[in-house]
Amino acid sequence: MENVIILGTGIAGCTAAIYAARANLAPLVISGEQDGGQLTLTTEVENFPGFPEGVDGTKLVQDSKVQAEKFGAKFKIDIATSFEEIESGFEVSLMGGEKVHTKTLIVATGASARWLGIPSEEKFKGRGVTVCATCDGAFFKGKEVIVVGGGDSAMEEALFLTRFCTKVTVVHRRKELRASKIMQDKAKKNEKIHFIYDSVVDEVYGEKLVEGVKLKNLVTGEFSDFKTDGVFVAIGHIPNTKFLEGKLTLDEKGYLNADKFMHTNVKGIFVAGDVQDTRFRQAISAAGSGCMAAMEVEKFLSELE
Ligand code: NAP
């Protein structure tokens with residue numbers, strides 16, 4: 001029986017692992033679908049304290065993992081599919097077929113990219129429609145692409161894509177961008193980046209690969225044709241809580257409900273990171289919540305004894 005199983009190896013899970021391991025709890029950390037979490041899909045993190053020159057997102061989580069391992073954390077690549085309460089804790093079922101037992105659980109499963117949800121998007125996934133510029137940007141060298149969204153992620157994706165693409169057009173559904181001023185300014189200053197406002201992608205079309213999109217102007221209701229080689233969707237994220245439905249209390253958008261000490265509604269189950277964060281969603285706040293969850297686990301276990 002494990003003392004604590006941590007679900008998720010993003011920055012929240014890794015920070016929880018560092019704290020739990022330093023408390024001698026030898027945590028077992030299960031990767032989930034995206035090992036390393038969202039930071040592995042980003043480029044430079046400029047606002048994590050202690051890195052005045054910025055730090056590569058993947059390196060930040062990898063180093064955190066090494067740090068946790070140094071204190072005795074065990075990492076496993078697998079995906080939790082469900083859990084059951086058992087007498088002395090929980091039984092977690094993994095996709096690989098294994099069932100692992102633990103006294104406590106920290107859910108740090110994060111959030112995954114939101115897709116547009118239009119039928120033609122499905123048809124062109126992997127053929128020009130993607131949610132990850134860091135992963136797929138290099139395939140669009142010398143091409144023109146669009147980025148859908150108006151938040152920080154959209155600005156970041158657009159800026160990153162200018163390394164490869166000749167033109168990047170941001171398509172946003174409103175007149176005002178949601179992104180922070182610093183990210184907006186950076187994007188607006190870049191000569192390769194253009195903006196189309198008040199518009200959504202109604203359809204993606206092409207033969208085998210993406211050749212263009214049909215845009216709908218939400219103010220006038222008019223449709224227009226826009227030629228493009230790629231569509232990068234950057235419209236936010238959905239919490240990874242499907243496997244918890246009916247077992248833990250979620251809000252209407254699927255985020256895990258937690259109190260200010262990172263406790264869920266089930267005793268012994270704690271939470272950290274974006275899976276419970278509807279407001280901040282920053283690397284540093286995710287890390288902070290991972291620390292809090294692990295400290296609460298330690299307290300919970302010592303009170304059990
Ligand atoms: P976000 O802030 O929630 O922005 C999502 C954007 O997508 C919004 O502009 C939204 O439009 C648009 N959108 C949502 N659903 C849509 C749909 N179905 N069709 C068309 N457009 C849609 O998400 P995010 O940009 O991923 O950022 C998430 C968090 O991470 C934020 O707190 C952000 O600050 C942080 N972040 C920070 C950095 C950085 O500092 N470098 C980088 C990336 C992310 P509306 O504006 O109309 O709602």
# chains A, B, ... in the order shown; residues from 1 in each chain; ligands from 1
>>> residues_around(residues="His263 in chain A", least_positions_apart="2", cutoff="10 Å", atoms="only C-alpha atoms", output="ChimeraX atom specification")
/A:106,257-261,265-272,292-293,296-297
>>> write_last_selection(atoms="C-alpha atoms", output="PDB file, in the first residue's frame")
ATOM      1  CA  ILE A 106      -3.465  13.794  -5.022  1.00  0.00           C
ATOM      2  CA  ASN A 257     -14.052  21.454  -6.309  1.00  0.00           C
ATOM      3  CA  ALA A 258     -11.498  21.960  -3.562  1.00  0.00           C
ATOM      4  CA  ASP A 259     -11.360  23.959  -0.369  1.00  0.00           C
ATOM      5  CA  LYS A 260      -8.556  26.435   0.300  1.00  0.00           C
ATOM      6  CA  PHE A 261      -6.412  23.622   1.742  1.00  0.00           C
ATOM      7  CA  ASN A 265     -15.163  16.257  -0.806  1.00  0.00           C
ATOM      8  CA  VAL A 266     -13.667  12.795  -0.145  1.00  0.00           C
ATOM      9  CA  LYS A 267     -11.402  12.428   2.899  1.00  0.00           C
ATOM     10  CA  GLY A 268      -7.890  11.416   1.846  1.00  0.00           C
ATOM     11  CA  ILE A 269      -8.189  12.796  -1.692  1.00  0.00           C
ATOM     12  CA  PHE A 270      -6.452  16.090  -2.373  1.00  0.00           C
ATOM     13  CA  VAL A 271      -6.053  18.147  -5.502  1.00  0.00           C
ATOM     14  CA  ALA A 272      -3.459  20.399  -7.155  1.00  0.00           C
ATOM     15  CA  MET A 292      -0.018  22.656  -0.352  1.00  0.00           C
ATOM     16  CA  ALA A 293      -1.628  19.327  -1.326  1.00  0.00           C
ATOM     17  CA  GLU A 296      -1.917  18.349   3.704  1.00  0.00           C
ATOM     18  CA  VAL A 297      -1.318  14.687   2.821  1.00  0.00           C
TER      19      VAL A 297
END
>>> residues_around(residues="Gly54 in chain A", least_positions_apart="4", cutoff="7 Å", atoms="only C-alpha atoms", output="NGL selection string")
:A and (44-46)
>>> write_last_selection(atoms="C-alpha atoms", output="CSV table (one decimal), in the first residue's frame")
chain,number,residue,atom,x,y,z
A,44,GLU,CA,9.8,29.7,-22.8
A,45,VAL,CA,8.3,30.3,-19.3
A,46,GLU,CA,9.2,33.9,-18.6
>>> residues_near_ligand(ligand="ligand 1", cutoff="8 Å", atoms="only C-alpha atoms and all ligand atoms", output="number ranges by chain")
A: 42, 44-47, 113-117, 148-156, 172-174, 176-180, 183, 200-201, 234-237, 279-282
>>> residues_around(residues="Thr81 in chain A", least_positions_apart="5", cutoff="9 Å", atoms="only C-alpha atoms", output="list of chain:residue names")
A:Val92, A:Ser93, A:Leu94, A:Met95, A:Lys242, A:Phe243, A:Leu244
>>> atom_distance(atom1="CA of Thr109 in chain A", atom2="CA of Ser88 in chain A")
23.2 Å
>>> residues_around(residues="Ile77 in chain A", least_positions_apart="5", cutoff="8 Å", atoms="only C-alpha atoms", output="list of chain:residue names")
A:Ile30, A:Ser31, A:Gly32, A:Asp35
>>> atom_distance(atom1="CA of Phe140 in chain A", atom2="CA of Thr162 in chain A")
10.0 Å
>>> closest_residue(among="A:Ala80, A:Val168, A:Ala138, A:Leu41", to="Ala187 in chain A", atoms="only C-alpha atoms")
A:Val168
>>> closest_residue(among="A:Ala17, A:Ile11, A:Cys165, A:Val231", to="Glu122 in chain A", atoms="only C-alpha atoms")
A:Val231
>>> residues_around(residues="Gly254 in chain A", least_positions_apart="4", cutoff="9 Å", atoms="only C-alpha atoms", output="compact mmCIF listing (two decimals) with all heavy atoms, in the first residue's frame")
# COMPACT_ATOMS: atom_id res chain seq x y z
N ILE A 238 -9.79 22.17 -21.12
CA ILE A 238 -10.86 21.46 -20.40
C ILE A 238 -10.19 20.60 -19.33
O ILE A 238 -9.23 19.89 -19.62
CB ILE A 238 -11.65 20.55 -21.38
CG1 ILE A 238 -12.31 21.41 -22.46
CG2 ILE A 238 -12.68 19.72 -20.64
CD1 ILE A 238 -12.90 20.61 -23.59
N PRO A 239 -10.68 20.68 -18.08
CA PRO A 239 -10.04 19.90 -17.01
C PRO A 239 -10.16 18.39 -17.24
O PRO A 239 -11.19 17.92 -17.73
CB PRO A 239 -10.80 20.32 -15.75
CG PRO A 239 -12.12 20.83 -16.26
CD PRO A 239 -11.85 21.43 -17.60
N ASN A 240 -9.11 17.66 -16.90
CA ASN A 240 -9.10 16.20 -17.10
C ASN A 240 -9.71 15.50 -15.89
O ASN A 240 -9.00 15.01 -15.01
CB ASN A 240 -7.66 15.72 -17.33
CG ASN A 240 -7.09 16.30 -18.60
OD1 ASN A 240 -7.79 16.43 -19.60
ND2 ASN A 240 -5.83 16.68 -18.57
N THR A 241 -11.04 15.49 -15.87
CA THR A 241 -11.74 14.93 -14.71
C THR A 241 -12.80 13.90 -15.09
O THR A 241 -13.57 13.49 -14.24
CB THR A 241 -12.44 16.07 -13.92
OG1 THR A 241 -13.23 16.83 -14.84
CG2 THR A 241 -11.46 16.97 -13.23
N LYS A 242 -12.82 13.53 -16.36
CA LYS A 242 -13.87 12.61 -16.84
C LYS A 242 -13.94 11.36 -15.95
O LYS A 242 -15.02 10.90 -15.60
CB LYS A 242 -13.53 12.22 -18.29
CG LYS A 242 -14.66 11.68 -19.07
CD LYS A 242 -15.29 12.73 -20.00
CE LYS A 242 -16.64 12.27 -20.48
NZ LYS A 242 -17.74 13.05 -19.98
N GLU A 245 -15.96 11.66 -12.61
CA GLU A 245 -17.38 12.01 -12.59
C GLU A 245 -18.18 11.04 -11.72
O GLU A 245 -18.02 9.83 -11.83
CB GLU A 245 -17.96 12.00 -14.02
CG GLU A 245 -17.68 13.29 -14.76
CD GLU A 245 -18.08 13.24 -16.23
OE1 GLU A 245 -18.74 12.28 -16.65
OE2 GLU A 245 -17.69 14.18 -16.95
N THR A 249 -16.76 15.82 -6.28
CA THR A 249 -17.60 16.95 -6.67
C THR A 249 -16.88 17.82 -7.68
O THR A 249 -15.77 18.31 -7.43
CB THR A 249 -17.98 17.79 -5.42
OG1 THR A 249 -18.53 16.91 -4.46
CG2 THR A 249 -19.01 18.85 -5.77
N LEU A 250 -17.52 18.01 -8.83
CA LEU A 250 -16.98 18.85 -9.90
C LEU A 250 -17.90 20.06 -10.07
O LEU A 250 -19.08 19.99 -9.72
CB LEU A 250 -16.93 18.07 -11.22
CG LEU A 250 -16.25 16.70 -11.21
CD1 LEU A 250 -16.39 16.03 -12.58
CD2 LEU A 250 -14.79 16.81 -10.83
N VAL A 275 -6.40 21.35 -12.72
CA VAL A 275 -7.62 20.55 -12.67
C VAL A 275 -8.66 21.17 -11.72
O VAL A 275 -9.85 20.89 -11.82
CB VAL A 275 -7.27 19.08 -12.29
CG1 VAL A 275 -6.86 18.97 -10.83
CG2 VAL A 275 -8.42 18.15 -12.61
N GLN A 276 -8.19 22.06 -10.82
CA GLN A 276 -9.11 22.72 -9.88
C GLN A 276 -9.07 24.24 -10.04
O GLN A 276 -9.73 24.97 -9.29
CB GLN A 276 -8.77 22.33 -8.43
CG GLN A 276 -7.30 22.55 -8.02
CD GLN A 276 -6.93 23.97 -7.64
OE1 GLN A 276 -7.65 24.59 -6.85
NE2 GLN A 276 -5.82 24.47 -8.18
>>> atom_distance(atom1="CA of Ile284 in chain A", atom2="CA of Leu161 in chain A")
25.1 Å
>>> select_by_dssp(residues="range 19-54 of chain A", states="helix (DSSP H, G or I)", output="VMD selection string")
chain A and resid 19 to 22 38 to 41
>>> write_last_selection(atoms="N, CA and C atoms", output="JSON list (two decimals), in the first residue's frame")
[["chain", "number", "residue", "atom", "x", "y", "z"],
["A", 19, "TYR", "N", 7.67, 17.56, -2.44],
["A", 19, "TYR", "CA", 7.32, 17.77, -1.01],
["A", 19, "TYR", "C", 7.00, 16.44, -0.32],
["A", 20, "ALA", "N", 6.24, 15.57, -1.00],
["A", 20, "ALA", "CA", 5.87, 14.29, -0.38],
["A", 20, "ALA", "C", 7.11, 13.42, -0.20],
["A", 21, "ALA", "N", 8.01, 13.46, -1.20],
["A", 21, "ALA", "CA", 9.21, 12.64, -1.11],
["A", 21, "ALA", "C", 10.13, 13.14, 0.01],
["A", 22, "ARG", "N", 10.24, 14.46, 0.13],
["A", 22, "ARG", "CA", 11.09, 15.02, 1.19],
["A", 22, "ARG", "C", 10.52, 14.73, 2.58],
["A", 38, "GLN", "N", 1.15, 20.46, -19.35],
["A", 38, "GLN", "CA", 1.05, 21.52, -20.37],
["A", 38, "GLN", "C", 2.37, 22.27, -20.62],
["A", 39, "LEU", "N", 3.23, 22.32, -19.60],
["A", 39, "LEU", "CA", 4.49, 23.06, -19.80],
["A", 39, "LEU", "C", 5.37, 22.43, -20.88],
["A", 40, "THR", "N", 5.14, 21.14, -21.14],
["A", 40, "THR", "CA", 5.94, 20.49, -22.19],
["A", 40, "THR", "C", 5.45, 20.89, -23.58],
["A", 41, "LEU", "N", 4.29, 21.54, -23.63],
["A", 41, "LEU", "CA", 3.75, 21.98, -24.93],
["A", 41, "LEU", "C", 3.99, 23.46, -25.15]]
>>> residues_around(residues="Phe75 in chain A", least_positions_apart="6", cutoff="9 Å", atoms="only C-alpha atoms", output="VMD selection string")
chain A and resid 9 27 to 31 65 69
>>> write_last_selection(atoms="N, CA and C atoms", output="PDB file, in the first residue's frame")
ATOM      1  N   THR A   9       1.991  14.396 -13.925  1.00  0.00           N
ATOM      2  CA  THR A   9       3.407  14.768 -13.790  1.00  0.00           C
ATOM      3  C   THR A   9       3.670  16.157 -14.358  1.00  0.00           C
ATOM      4  N   PRO A  27       6.309   8.921  -2.670  1.00  0.00           N
ATOM      5  CA  PRO A  27       5.098   8.954  -3.500  1.00  0.00           C
ATOM      6  C   PRO A  27       5.269   8.194  -4.815  1.00  0.00           C
ATOM      7  N   LEU A  28       4.153   7.603  -5.272  1.00  0.00           N
ATOM      8  CA  LEU A  28       4.120   7.005  -6.612  1.00  0.00           C
ATOM      9  C   LEU A  28       3.406   8.017  -7.509  1.00  0.00           C
ATOM     10  N   VAL A  29       4.067   8.426  -8.581  1.00  0.00           N
ATOM     11  CA  VAL A  29       3.507   9.475  -9.462  1.00  0.00           C
ATOM     12  C   VAL A  29       3.174   8.850 -10.814  1.00  0.00           C
ATOM     13  N   ILE A  30       1.897   8.962 -11.205  1.00  0.00           N
ATOM     14  CA  ILE A  30       1.435   8.345 -12.458  1.00  0.00           C
ATOM     15  C   ILE A  30       1.315   9.448 -13.525  1.00  0.00           C
ATOM     16  N   SER A  31       1.906   9.212 -14.679  1.00  0.00           N
ATOM     17  CA  SER A  31       2.075  10.287 -15.673  1.00  0.00           C
ATOM     18  C   SER A  31       0.765  10.883 -16.202  1.00  0.00           C
ATOM     19  N   LYS A  65      11.134  16.737 -11.822  1.00  0.00           N
ATOM     20  CA  LYS A  65      11.005  15.281 -11.699  1.00  0.00           C
ATOM     21  C   LYS A  65      12.289  14.694 -11.092  1.00  0.00           C
ATOM     22  N   GLU A  69      12.758  12.647  -7.659  1.00  0.00           N
ATOM     23  CA  GLU A  69      13.362  11.300  -7.638  1.00  0.00           C
ATOM     24  C   GLU A  69      14.523  11.241  -6.646  1.00  0.00           C
TER      25      GLU A  69
END
>>> residues_around(residues="Leu25 in chain A", least_positions_apart="6", cutoff="9 Å", atoms="only C-alpha atoms", output="ChimeraX atom specification")
/A:2-4,19,72-73,298
>>> closest_residue(among="A:His194, A:Glu157, A:Gly13, A:Lys103", to="Glu305 in chain A", atoms="only C-alpha atoms")
A:Lys103
>>> select_by_dssp(residues="range 96-253 of chain A", states="strand (DSSP E or B)", output="count of residues only")
55
